[in-house]
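What follows is data.cif (mmCIF, C-alpha atoms).
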data_model
#
loop_
_atom_site.label_atom_id
_atom_site.label_comp_id
_atom_site.auth_asym_id
_atom_site.auth_seq_id
_atom_site.Cartn_x
_atom_site.Cartn_y
_atom_site.Cartn_z
CA MET Z 1 -2.10 -16.89 105.49
CA HIS Z 2 -1.03 -18.23 102.07
CA SER Z 3 0.95 -21.43 102.34
CA PRO Z 4 3.03 -23.14 99.63
CA PHE Z 5 3.67 -26.21 101.79
CA ILE Z 6 2.22 -29.63 100.98
CA SER Z 7 0.49 -31.98 103.38
CA THR Z 8 -1.30 -35.27 102.89
CA ARG Z 9 -3.83 -37.26 104.81
CA LEU Z 10 -5.89 -40.38 104.24
CA LEU Z 11 -9.63 -39.99 103.90
CA ALA Z 12 -12.23 -42.73 103.88
CA THR Z 13 -15.13 -42.60 101.43
CA ALA Z 14 -18.73 -43.67 101.60
CA LEU Z 15 -20.84 -45.22 98.87
CA ILE Z 16 -24.39 -44.35 97.96
CA LEU Z 17 -26.43 -46.27 95.40
CA ALA Z 18 -28.29 -43.77 93.26
CA THR Z 19 -31.31 -46.04 92.84
CA GLY Z 20 -31.93 -46.99 96.43
CA GLY Z 21 -30.05 -44.46 98.54
CA ALA Z 22 -28.38 -47.22 100.60
CA TYR Z 23 -25.06 -46.40 102.21
CA ALA Z 24 -22.09 -48.71 102.72
CA GLN Z 25 -18.45 -48.15 103.51
CA ASN Z 26 -16.04 -48.21 100.59
CA ALA Z 27 -12.48 -49.40 101.13
CA THR Z 28 -11.03 -47.10 98.45
CA PRO Z 29 -9.04 -44.34 100.21
CA LEU Z 30 -7.97 -40.98 98.81
CA ARG Z 31 -5.14 -38.69 99.83
CA THR Z 32 -5.37 -34.92 99.71
CA GLU Z 33 -2.58 -32.48 99.00
CA LEU Z 34 -2.97 -28.93 100.24
CA LEU Z 35 -1.55 -26.57 97.62
CA ALA Z 36 -2.72 -23.20 98.95
CA GLU Z 37 -4.95 -21.72 101.62
CA GLY Z 38 -6.06 -18.30 102.80
CA LEU Z 39 -8.26 -17.68 99.76
CA ASP Z 40 -11.34 -15.49 100.26
CA HIS Z 41 -14.26 -17.65 99.13
CA PRO Z 42 -12.60 -18.92 95.93
CA TRP Z 43 -14.98 -19.73 93.09
CA ALA Z 44 -13.09 -21.13 90.09
CA LEU Z 45 -9.73 -22.35 88.86
CA ALA Z 46 -8.09 -22.61 85.45
CA PHE Z 47 -4.74 -24.13 84.44
CA ILE Z 48 -2.30 -21.84 82.64
CA GLY Z 49 0.76 -24.08 82.19
CA ASP Z 50 3.92 -25.00 84.11
CA GLY Z 51 1.87 -26.07 87.13
CA ARG Z 52 0.37 -22.59 87.55
CA ILE Z 53 -3.31 -22.11 88.27
CA LEU Z 54 -5.49 -19.04 87.87
CA LEU Z 55 -7.87 -18.60 90.82
CA THR Z 56 -10.89 -16.34 91.33
CA GLU Z 57 -12.16 -15.09 94.69
CA ARG Z 58 -15.79 -14.07 95.00
CA SER Z 59 -14.61 -10.92 96.79
CA GLY Z 60 -13.33 -9.64 93.43
CA ASP Z 61 -9.69 -10.72 93.15
CA MET Z 62 -7.93 -13.00 90.70
CA ARG Z 63 -4.65 -14.63 91.78
CA ILE Z 64 -2.12 -17.15 90.49
CA TYR Z 65 -0.91 -20.23 92.30
CA GLN Z 66 2.60 -21.32 91.37
CA PRO Z 67 4.23 -24.45 92.85
CA GLY Z 68 6.70 -23.63 95.59
CA ALA Z 69 5.71 -19.96 95.84
CA PRO Z 70 3.18 -17.91 97.80
CA LEU Z 71 -0.04 -16.98 96.06
CA SER Z 72 0.39 -13.95 93.83
CA ALA Z 73 -0.91 -10.50 94.64
CA PRO Z 74 -4.29 -9.77 93.02
CA LEU Z 75 -4.04 -9.20 89.27
CA THR Z 76 -4.81 -5.71 88.06
CA GLY Z 77 -6.99 -4.74 85.11
CA LEU Z 78 -10.28 -6.35 86.09
CA PRO Z 79 -13.49 -4.40 85.39
CA LYS Z 80 -15.61 -3.05 88.23
CA ILE Z 81 -17.31 -5.95 90.01
CA GLU Z 82 -20.36 -5.72 92.27
CA VAL Z 83 -19.64 -7.92 95.28
CA GLY Z 84 -22.42 -9.01 97.62
CA GLY Z 85 -24.44 -12.07 98.50
CA GLN Z 86 -23.79 -14.71 95.84
CA GLY Z 87 -22.34 -12.10 93.48
CA GLY Z 88 -18.75 -11.16 92.78
CA LEU Z 89 -15.95 -12.53 90.62
CA LEU Z 90 -17.09 -16.02 89.66
CA ASP Z 91 -16.04 -18.42 86.89
CA VAL Z 92 -12.88 -18.38 84.75
CA ILE Z 93 -11.65 -20.60 81.91
CA THR Z 94 -8.76 -20.44 79.46
CA ASP Z 95 -9.22 -20.34 75.72
CA SER Z 96 -8.57 -23.65 73.94
CA LYS Z 97 -5.59 -21.93 72.27
CA PHE Z 98 -4.36 -20.26 75.44
CA ALA Z 99 -0.75 -21.37 74.85
CA ASP Z 100 -0.76 -19.19 71.72
CA ASN Z 101 -3.08 -16.28 72.55
CA ARG Z 102 -3.06 -16.11 76.40
CA THR Z 103 -6.81 -15.43 76.33
CA ILE Z 104 -9.09 -16.11 79.27
CA TYR Z 105 -12.84 -15.72 79.78
CA PHE Z 106 -14.38 -14.81 83.12
CA CYS Z 107 -17.83 -13.93 84.42
CA TYR Z 108 -18.90 -11.75 87.30
CA SER Z 109 -21.77 -9.72 88.73
CA GLU Z 110 -21.98 -6.35 87.00
CA GLU Z 111 -23.82 -3.32 88.30
CA ALA Z 112 -25.77 -1.05 85.98
CA ASN Z 113 -23.64 1.71 84.47
CA THR Z 114 -23.62 4.17 81.59
CA ARG Z 115 -22.72 1.36 79.18
CA THR Z 116 -25.50 -1.03 80.25
CA GLY Z 117 -28.15 1.45 81.34
CA GLY Z 118 -31.01 0.71 83.75
CA ASN Z 119 -30.69 -0.23 87.40
CA GLY Z 120 -29.70 -3.25 89.45
CA ASN Z 121 -27.14 -5.88 88.47
CA SER Z 122 -26.69 -9.01 86.38
CA THR Z 123 -24.15 -11.53 85.15
CA ALA Z 124 -21.55 -10.39 82.62
CA LEU Z 125 -18.99 -12.33 80.57
CA ALA Z 126 -15.66 -10.81 79.52
CA SER Z 127 -12.51 -11.82 77.67
CA ALA Z 128 -8.98 -10.66 78.46
CA ARG Z 129 -5.35 -11.39 77.73
CA LEU Z 130 -3.11 -12.47 80.60
CA SER Z 131 0.07 -10.40 80.57
CA GLY Z 132 3.43 -12.09 80.08
CA ASP Z 133 4.54 -11.19 83.62
CA LEU Z 134 1.33 -12.74 85.02
CA LYS Z 135 0.46 -9.54 86.90
CA LYS Z 136 -2.44 -8.02 84.99
CA LEU Z 137 -5.26 -8.48 82.52
CA GLU Z 138 -4.99 -6.66 79.21
CA GLN Z 139 -7.44 -5.97 76.38
CA VAL Z 140 -10.46 -6.61 78.61
CA LYS Z 141 -13.67 -6.74 76.58
CA VAL Z 142 -17.20 -7.33 77.88
CA LEU Z 143 -18.75 -9.89 75.53
CA PHE Z 144 -22.19 -10.23 77.10
CA SER Z 145 -24.39 -8.67 79.80
CA GLN Z 146 -27.50 -10.41 81.10
CA LYS Z 147 -30.74 -8.48 80.54
CA PRO Z 148 -32.68 -7.09 82.22
CA LYS Z 149 -30.65 -5.92 85.15
CA PHE Z 150 -32.40 -6.50 88.47
CA ALA Z 151 -31.59 -5.63 92.07
CA SER Z 152 -30.76 -9.01 93.60
CA ARG Z 153 -27.86 -10.66 95.46
CA ALA Z 154 -28.81 -14.17 94.35
CA HIS Z 155 -28.77 -16.64 91.45
CA PHE Z 156 -26.15 -15.31 89.06
CA GLY Z 157 -25.39 -18.75 87.58
CA CYS Z 158 -22.11 -18.00 85.82
CA ARG Z 159 -20.33 -21.11 84.52
CA ILE Z 160 -18.55 -20.90 81.17
CA VAL Z 161 -17.88 -23.74 78.72
CA GLU Z 162 -16.13 -23.57 75.36
CA ARG Z 163 -17.76 -25.73 72.71
CA PRO Z 164 -15.66 -27.73 70.19
CA ASP Z 165 -16.73 -25.25 67.47
CA GLY Z 166 -15.17 -22.40 69.46
CA THR Z 167 -18.40 -20.82 70.67
CA LEU Z 168 -19.03 -20.15 74.37
CA PHE Z 169 -21.86 -21.31 76.62
CA LEU Z 170 -22.75 -19.29 79.73
CA THR Z 171 -25.22 -20.41 82.40
CA LEU Z 172 -27.50 -17.71 83.83
CA GLY Z 173 -29.58 -17.80 87.01
CA GLU Z 174 -33.16 -16.50 87.14
CA ARG Z 175 -32.27 -14.03 89.94
CA TYR Z 176 -34.46 -15.90 92.47
CA SER Z 177 -37.56 -13.70 92.64
CA ARG Z 178 -37.81 -13.44 88.84
CA MET Z 179 -38.31 -17.19 88.38
CA GLN Z 180 -41.26 -16.78 85.99
CA ASP Z 181 -38.87 -15.11 83.55
CA ALA Z 182 -37.21 -18.51 82.98
CA GLN Z 183 -40.17 -19.47 80.76
CA THR Z 184 -40.14 -16.42 78.46
CA LEU Z 185 -37.77 -15.59 75.62
CA ASP Z 186 -37.58 -11.80 75.99
CA ASN Z 187 -34.99 -11.91 78.78
CA HIS Z 188 -31.87 -13.82 79.86
CA HIS Z 189 -33.10 -14.94 83.30
CA GLY Z 190 -32.93 -18.71 83.81
CA LYS Z 191 -31.31 -19.35 80.46
CA ILE Z 192 -28.19 -20.79 78.89
CA ILE Z 193 -26.80 -18.56 76.18
CA ARG Z 194 -24.34 -19.26 73.37
CA ILE Z 195 -22.17 -16.61 71.75
CA ARG Z 196 -19.02 -16.33 69.68
CA LYS Z 197 -15.73 -15.30 71.24
CA ASP Z 198 -16.15 -11.75 69.95
CA GLY Z 199 -19.61 -11.50 71.52
CA SER Z 200 -21.53 -11.92 68.27
CA ILE Z 201 -24.43 -14.36 67.83
CA PRO Z 202 -23.96 -17.71 66.03
CA PRO Z 203 -26.50 -17.80 63.19
CA ASP Z 204 -27.52 -21.39 64.06
CA ASN Z 205 -28.71 -20.52 67.57
CA PRO Z 206 -32.27 -21.86 67.96
CA TYR Z 207 -34.07 -18.52 68.41
CA VAL Z 208 -32.27 -16.42 65.80
CA GLY Z 209 -34.87 -14.57 63.76
CA LYS Z 210 -37.76 -15.48 66.07
CA ALA Z 211 -39.91 -12.48 66.94
CA GLY Z 212 -39.76 -11.49 70.60
CA ALA Z 213 -36.85 -13.82 71.39
CA LEU Z 214 -33.30 -12.88 72.34
CA PRO Z 215 -30.97 -14.54 69.80
CA GLU Z 216 -28.29 -15.47 72.37
CA ILE Z 217 -30.59 -17.99 74.06
CA TRP Z 218 -29.73 -21.69 73.73
CA SER Z 219 -32.15 -23.26 76.24
CA ILE Z 220 -34.70 -22.08 78.81
CA GLY Z 221 -36.37 -23.14 82.07
CA HIS Z 222 -33.26 -23.22 84.26
CA ARG Z 223 -33.03 -22.10 87.89
CA ASN Z 224 -29.43 -21.43 88.97
CA SER Z 225 -26.57 -23.40 87.44
CA GLN Z 226 -23.21 -23.28 89.20
CA GLY Z 227 -21.71 -26.24 87.38
CA ALA Z 228 -21.20 -26.95 83.68
CA THR Z 229 -18.74 -28.93 81.62
CA LEU Z 230 -18.20 -30.50 78.23
CA GLY Z 231 -18.92 -34.22 78.26
CA PRO Z 232 -16.97 -37.01 76.56
CA ASP Z 233 -19.82 -36.96 74.03
CA GLY Z 234 -18.86 -33.40 73.07
CA ARG Z 235 -22.12 -32.03 74.47
CA LEU Z 236 -22.85 -29.57 77.25
CA TRP Z 237 -23.65 -31.05 80.67
CA MET Z 238 -24.76 -28.89 83.60
CA HIS Z 239 -26.41 -29.06 86.97
CA GLU Z 240 -28.65 -26.55 88.67
CA HIS Z 241 -29.83 -25.83 92.18
CA GLY Z 242 -33.35 -26.85 93.07
CA PRO Z 243 -35.21 -24.83 95.72
CA GLN Z 244 -35.55 -27.26 98.67
CA GLY Z 245 -34.70 -30.54 96.95
CA GLY Z 246 -34.74 -31.18 93.24
CA ASP Z 247 -31.14 -30.30 92.28
CA GLU Z 248 -30.85 -31.47 88.67
CA ILE Z 249 -28.30 -32.70 86.16
CA ASN Z 250 -29.28 -31.78 82.62
CA ARG Z 251 -27.76 -32.01 79.16
CA PRO Z 252 -29.17 -28.86 77.55
CA GLU Z 253 -30.06 -29.05 73.87
CA ALA Z 254 -30.84 -26.20 71.52
CA GLY Z 255 -34.31 -24.73 71.92
CA LYS Z 256 -35.46 -27.08 74.70
CA ASN Z 257 -37.28 -26.19 77.90
CA TYR Z 258 -36.05 -27.63 81.22
CA GLY Z 259 -39.14 -26.75 83.16
CA TRP Z 260 -38.36 -24.30 85.96
CA PRO Z 261 -40.56 -23.13 87.64
CA VAL Z 262 -43.43 -25.09 86.09
CA ILE Z 263 -42.00 -28.50 86.99
CA SER Z 264 -39.62 -29.35 89.82
CA TYR Z 265 -38.78 -32.18 92.21
CA GLY Z 266 -38.22 -29.62 94.95
CA GLU Z 267 -40.51 -27.53 97.11
CA ASN Z 268 -40.62 -24.00 98.48
CA TYR Z 269 -38.25 -23.12 101.29
CA GLY Z 270 -40.07 -24.00 104.48
CA GLY Z 271 -42.36 -26.40 102.59
CA GLY Z 272 -45.16 -26.14 100.08
CA LYS Z 273 -45.53 -26.78 96.36
CA ILE Z 274 -43.77 -24.89 93.62
CA GLY Z 275 -46.68 -23.62 91.50
CA ALA Z 276 -49.01 -26.54 90.83
CA GLY Z 277 -46.50 -29.00 92.27
CA LEU Z 278 -45.88 -30.76 88.96
CA THR Z 279 -42.84 -32.94 88.26
CA ALA Z 280 -43.60 -33.45 84.57
CA GLN Z 281 -45.37 -31.67 81.75
CA ALA Z 282 -45.50 -32.11 77.98
CA GLY Z 283 -42.86 -30.08 76.15
CA MET Z 284 -40.55 -29.92 79.17
CA GLU Z 285 -37.45 -32.05 79.68
CA GLN Z 286 -36.87 -34.40 82.60
CA PRO Z 287 -33.51 -34.22 84.43
CA LEU Z 288 -30.97 -36.96 83.85
CA TYR Z 289 -30.55 -37.15 87.62
CA GLN Z 290 -31.85 -35.26 90.64
CA TRP Z 291 -30.95 -34.91 94.30
CA THR Z 292 -33.64 -34.75 96.99
CA PRO Z 293 -32.77 -33.56 99.56
CA SER Z 294 -30.69 -30.91 97.87
CA ILE Z 295 -26.89 -31.16 98.05
CA ALA Z 296 -26.38 -27.59 96.73
CA PRO Z 297 -24.13 -28.61 93.82
CA SER Z 298 -21.26 -26.50 92.52
CA GLY Z 299 -18.43 -27.26 90.14
CA MET Z 300 -18.55 -30.12 87.66
CA THR Z 301 -16.05 -32.08 85.57
CA PHE Z 302 -15.61 -35.37 83.76
CA LEU Z 303 -12.46 -37.35 84.50
CA ARG Z 304 -10.70 -38.44 81.31
CA SER Z 305 -7.51 -39.88 82.82
CA THR Z 306 -6.84 -43.26 84.43
CA ARG Z 307 -4.78 -41.81 87.30
CA TYR Z 308 -7.29 -43.19 89.81
CA GLY Z 309 -7.78 -46.45 87.92
CA LYS Z 310 -9.89 -47.32 84.90
CA ALA Z 311 -13.07 -47.59 86.95
CA TRP Z 312 -13.10 -43.80 87.45
CA GLN Z 313 -12.36 -42.90 83.83
CA GLY Z 314 -15.39 -41.19 82.30
CA ASN Z 315 -17.01 -40.56 85.71
CA LEU Z 316 -18.64 -37.23 86.50
CA PHE Z 317 -17.55 -35.28 89.61
CA VAL Z 318 -19.70 -32.66 91.35
CA GLY Z 319 -19.01 -30.62 94.50
CA SER Z 320 -21.54 -30.29 97.31
CA LEU Z 321 -21.78 -26.98 99.16
CA LYS Z 322 -24.42 -28.09 101.64
CA PHE Z 323 -23.03 -31.48 102.70
CA ARG Z 324 -19.35 -30.66 102.03
CA TYR Z 325 -18.24 -33.60 99.92
CA LEU Z 326 -17.28 -34.45 96.36
CA ALA Z 327 -19.70 -36.69 94.46
CA ARG Z 328 -18.40 -39.30 92.01
CA LEU Z 329 -21.13 -40.31 89.58
CA GLU Z 330 -20.90 -43.45 87.47
CA LEU Z 331 -22.80 -43.30 84.21
CA LYS Z 332 -24.20 -45.86 81.80
CA ASP Z 333 -25.91 -44.94 78.53
CA GLY Z 334 -25.94 -41.28 79.57
CA ARG Z 335 -27.60 -41.97 82.93
CA VAL Z 336 -26.26 -41.88 86.48
CA VAL Z 337 -26.32 -45.40 87.92
CA ARG Z 338 -24.34 -44.92 91.12
CA GLU Z 339 -23.06 -42.11 93.33
CA GLU Z 340 -20.06 -42.27 95.63
CA ARG Z 341 -19.53 -39.52 98.19
CA LEU Z 342 -15.84 -38.70 98.52
CA LEU Z 343 -14.05 -36.67 101.22
CA PRO Z 344 -16.78 -37.02 103.87
CA THR Z 345 -14.48 -35.58 106.56
CA LEU Z 346 -13.36 -32.56 104.52
CA GLU Z 347 -15.79 -30.29 106.41
CA GLN Z 348 -15.53 -27.55 103.78
CA ARG Z 349 -17.92 -26.41 101.05
CA VAL Z 350 -16.72 -27.71 97.68
CA ARG Z 351 -17.12 -24.88 95.17
CA ASP Z 352 -15.20 -26.07 92.10
CA VAL Z 353 -13.63 -29.24 90.73
CA ARG Z 354 -11.48 -29.57 87.59
CA GLU Z 355 -9.23 -32.19 86.04
CA GLY Z 356 -5.67 -30.89 85.73
CA PRO Z 357 -3.16 -31.43 82.91
CA ASP Z 358 -1.62 -34.14 85.13
CA GLY Z 359 -4.88 -36.10 85.05
CA LEU Z 360 -5.58 -35.44 88.75
CA LEU Z 361 -8.59 -33.71 90.28
CA TYR Z 362 -8.28 -30.26 91.89
CA ILE Z 363 -10.92 -28.72 94.16
CA LEU Z 364 -11.58 -25.30 95.68
CA THR Z 365 -13.32 -24.92 99.03
CA ASP Z 366 -15.69 -22.00 99.47
CA GLU Z 367 -14.65 -20.68 102.87
CA ALA Z 368 -13.27 -17.47 104.35
CA ASN Z 369 -10.02 -19.46 104.55
CA GLY Z 370 -10.57 -21.27 101.26
CA GLN Z 371 -8.19 -23.96 100.05
CA LEU Z 372 -6.85 -25.29 96.77
CA ILE Z 373 -6.53 -29.06 97.11
CA ARG Z 374 -5.23 -31.77 94.79
CA LEU Z 375 -6.64 -35.29 95.13
CA LEU Z 376 -4.05 -38.04 94.94
CA PRO Z 377 -4.71 -41.67 94.03
CA PRO Z 378 -4.58 -44.28 96.80
CA ALA Z 379 -1.03 -44.99 97.93
#
How does this structure look as structure tokens?
Amino acid sequence: MHSPFISTRLLATALILATGGAYAQNATPLRTELLAEGLDHPWALAFIGDGRILLTERSGDMRIYQPGAPLSAPLTGLPKIEVGGQGGLLDVITDSKFADNRTIYFCYSEEANTRTGGNGNSTALASARLSGDLKKLEQVKVLFSQKPKFASRAHFGCRIVERPDGTLFLTLGERYSRMQDAQTLDNHHGKIIRIRKDGSIPPDNPYVGKAGALPEIWSIGHRNSQGATLGPDGRLWMHEHGPQGGDEINRPEAGKNYGWPVISYGENYGGGKIGAGLTAQAGMEQPLYQWTPSIAPSGMTFLRSTRYGKAWQGNLFVGSLKFRYLARLELKDGRVVREERLLPTLEQRVRDVREGPDGLLYILTDEANGQLIRLLPPA
């Protein structure tokens, strides 16, 4: 059932020190405001003005939340989406000039077809225009398709970030069983790519003109990133799932190698080393921060407002799927120095987190009865 009503409740938080892992109770309470429920495994949200929010459901639908009204019917006009496992309709963002052009960008799992050729599936990125009546997508254009396609239901990645120069970053998983591909330049598995809004390649990408390399590639050696955002420094920040432990926060730079699967702080599912069991190697970047055991991170945003007090301004927020909380990360000199675990009694997988135009945080819970929740400052 979709519900427009609002409810609040007080939730305690717990504090974890990133250096020592010691827990202590924190007296700072939060209130939650339920905006909508009944979503089918929602994956991403984007703000489109007048309090309205565009929502994606992994099952393949895109809907609009509007204050005081039921959730909209699914929008029409989406391309064919292959739904299964971790795949489906995933991230969505609005163009930086959305108020003028009504353009959105979304990514999804795409099956092989006459346009793409081959077999299997992969991550695709498309642009579209949201109609004036908010009921359909128009002028849909596929900007990018991950290559090669591969039959897998896992590790699609699929977070989109617009850079200040107007180009788009897209995170791409290594499709799980193709992890060795993350270290080679002739494919898009385990990469971050950067393209223009028309799908063309920026000439200053690091591998443009390099023999045997795909020119879309920005960085390599990634596993499966389900969180990415633009930092206050104007640079791309992202996190990626480790296997069993070793979830990482990275700040990907052009042409750099982030190590997977050669180096990792995690281990194989069920135990055992990844490859040679290395955590460092020359020519490969170390994470800015890592979680062991794994929290299964998803969603990521910096808070720019002071709605929760100045102490939270500039903090980084990350959802946990595994442990069902929202992490607040304090940073100093580009490093995480403390982690606070918010909403410990939420008991729902946190899939996405974004800062709204009102300066408040909004989260989506990845459940069969998924919720859109706004976090309110302490009373």
Given the point (-25.7, -12.0, 97.0) in the coordinates of this file, which residues lie within 6 Å, counting all atoms listed in the file, and how would they look as a PDB file with C-alpha atoms, in the coordinates of the input?
ATOM      1  CA  GLY Z  84     -22.420  -9.010  97.620  1.00  0.00           C
ATOM      2  CA  GLY Z  85     -24.440 -12.070  98.500  1.00  0.00           C
ATOM      3  CA  GLN Z  86     -23.790 -14.710  95.840  1.00  0.00           C
ATOM      4  CA  GLY Z  87     -22.340 -12.100  93.480  1.00  0.00           C
ATOM      5  CA  ARG Z 153     -27.860 -10.660  95.460  1.00  0.00           C
ATOM      6  CA  ALA Z 154     -28.810 -14.170  94.350  1.00  0.00           C
TER       7      ALA Z 154
END
field: Pick from Z:Ile104, Z:Ala151, Z:Ile64, Z:Ala69, whichever lies nearest to Lys135 (chain Z) using only C-alpha atoms
entry: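 The closest residue to Lys135 (chain Z) is Z:Ile64.
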message: I'd like the contact shell of Ala213 (chain Z) - 10 Å cut-off, all atoms listed in the file, skipping same-chain residues fewer than 5 positions apart - returned as a list in words.
response: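 In the requested form, the answer reads Thr184, Leu185, Asp186, Asn187, His188, Pro206, Tyr207 and Val208 of chain Z.
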field: Neighbours of point (-31.9, -24.3, 74.2) within 9 Å, using only C-alpha atoms, written as a ChimeraX atom specification
entry: /Z:191-193,205-207,217-220,252-258
message: Residues within 10 Å of Gln290 (chain Z), please, as an NGL selection string. Count all atoms listed in the file; anything in the same chain fewer than 2 positions from it doesn't count.
response: :Z and (18 or 239-242 or 245-250 or 264-266 or 286-288 or 292-295 or 336)
message: Can you spell out as a ChimeraX atom specification the set of residues that the PyMOL selection byres ((chain Z and resi 273-276) around 8) selects in the structure I just provided?
response: /Z:261-264,266-268,271-272,277-278
task: Taking the file as shown, find all residues satisfying the PyMOL selection byres ((chain Z and resi 302) around 12) and write them as a ChimeraX atom specification.
output: /Z:227-238,299-301,303-306,312-318,327-331,353-356,359-361
- prompt: Just so the selection is clear, what residues does the PyMOL selection byres ((chain Z and resi 324) around 6) cover here, as number ranges by chain?
  reply: Z: 320-323, 325, 347-350
- prompt: Which value, in Å to one decimal, gives the distance between CA of Ala36 (chain Z) and CA of Ile48 (chain Z)?
  reply: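 Here the two named atoms are 16.4 Å from each other.
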query: Got a sec: who's within 9 Å of Gly173 (chain Z), counting all atoms listed in the file, leaving out chain neighbours fewer than 4 positions off, as number ranges by chain?
result: Z: 123, 154-158, 179, 182, 188-192, 222-226, 240
Near-Glu162 (chain Z) list (8 Å; all atoms listed in the file; drop same-chain fewer than 3 positions) as JSON, numbers by chain: {"Z": [95, 96, 166, 167, 168, 169, 230]}
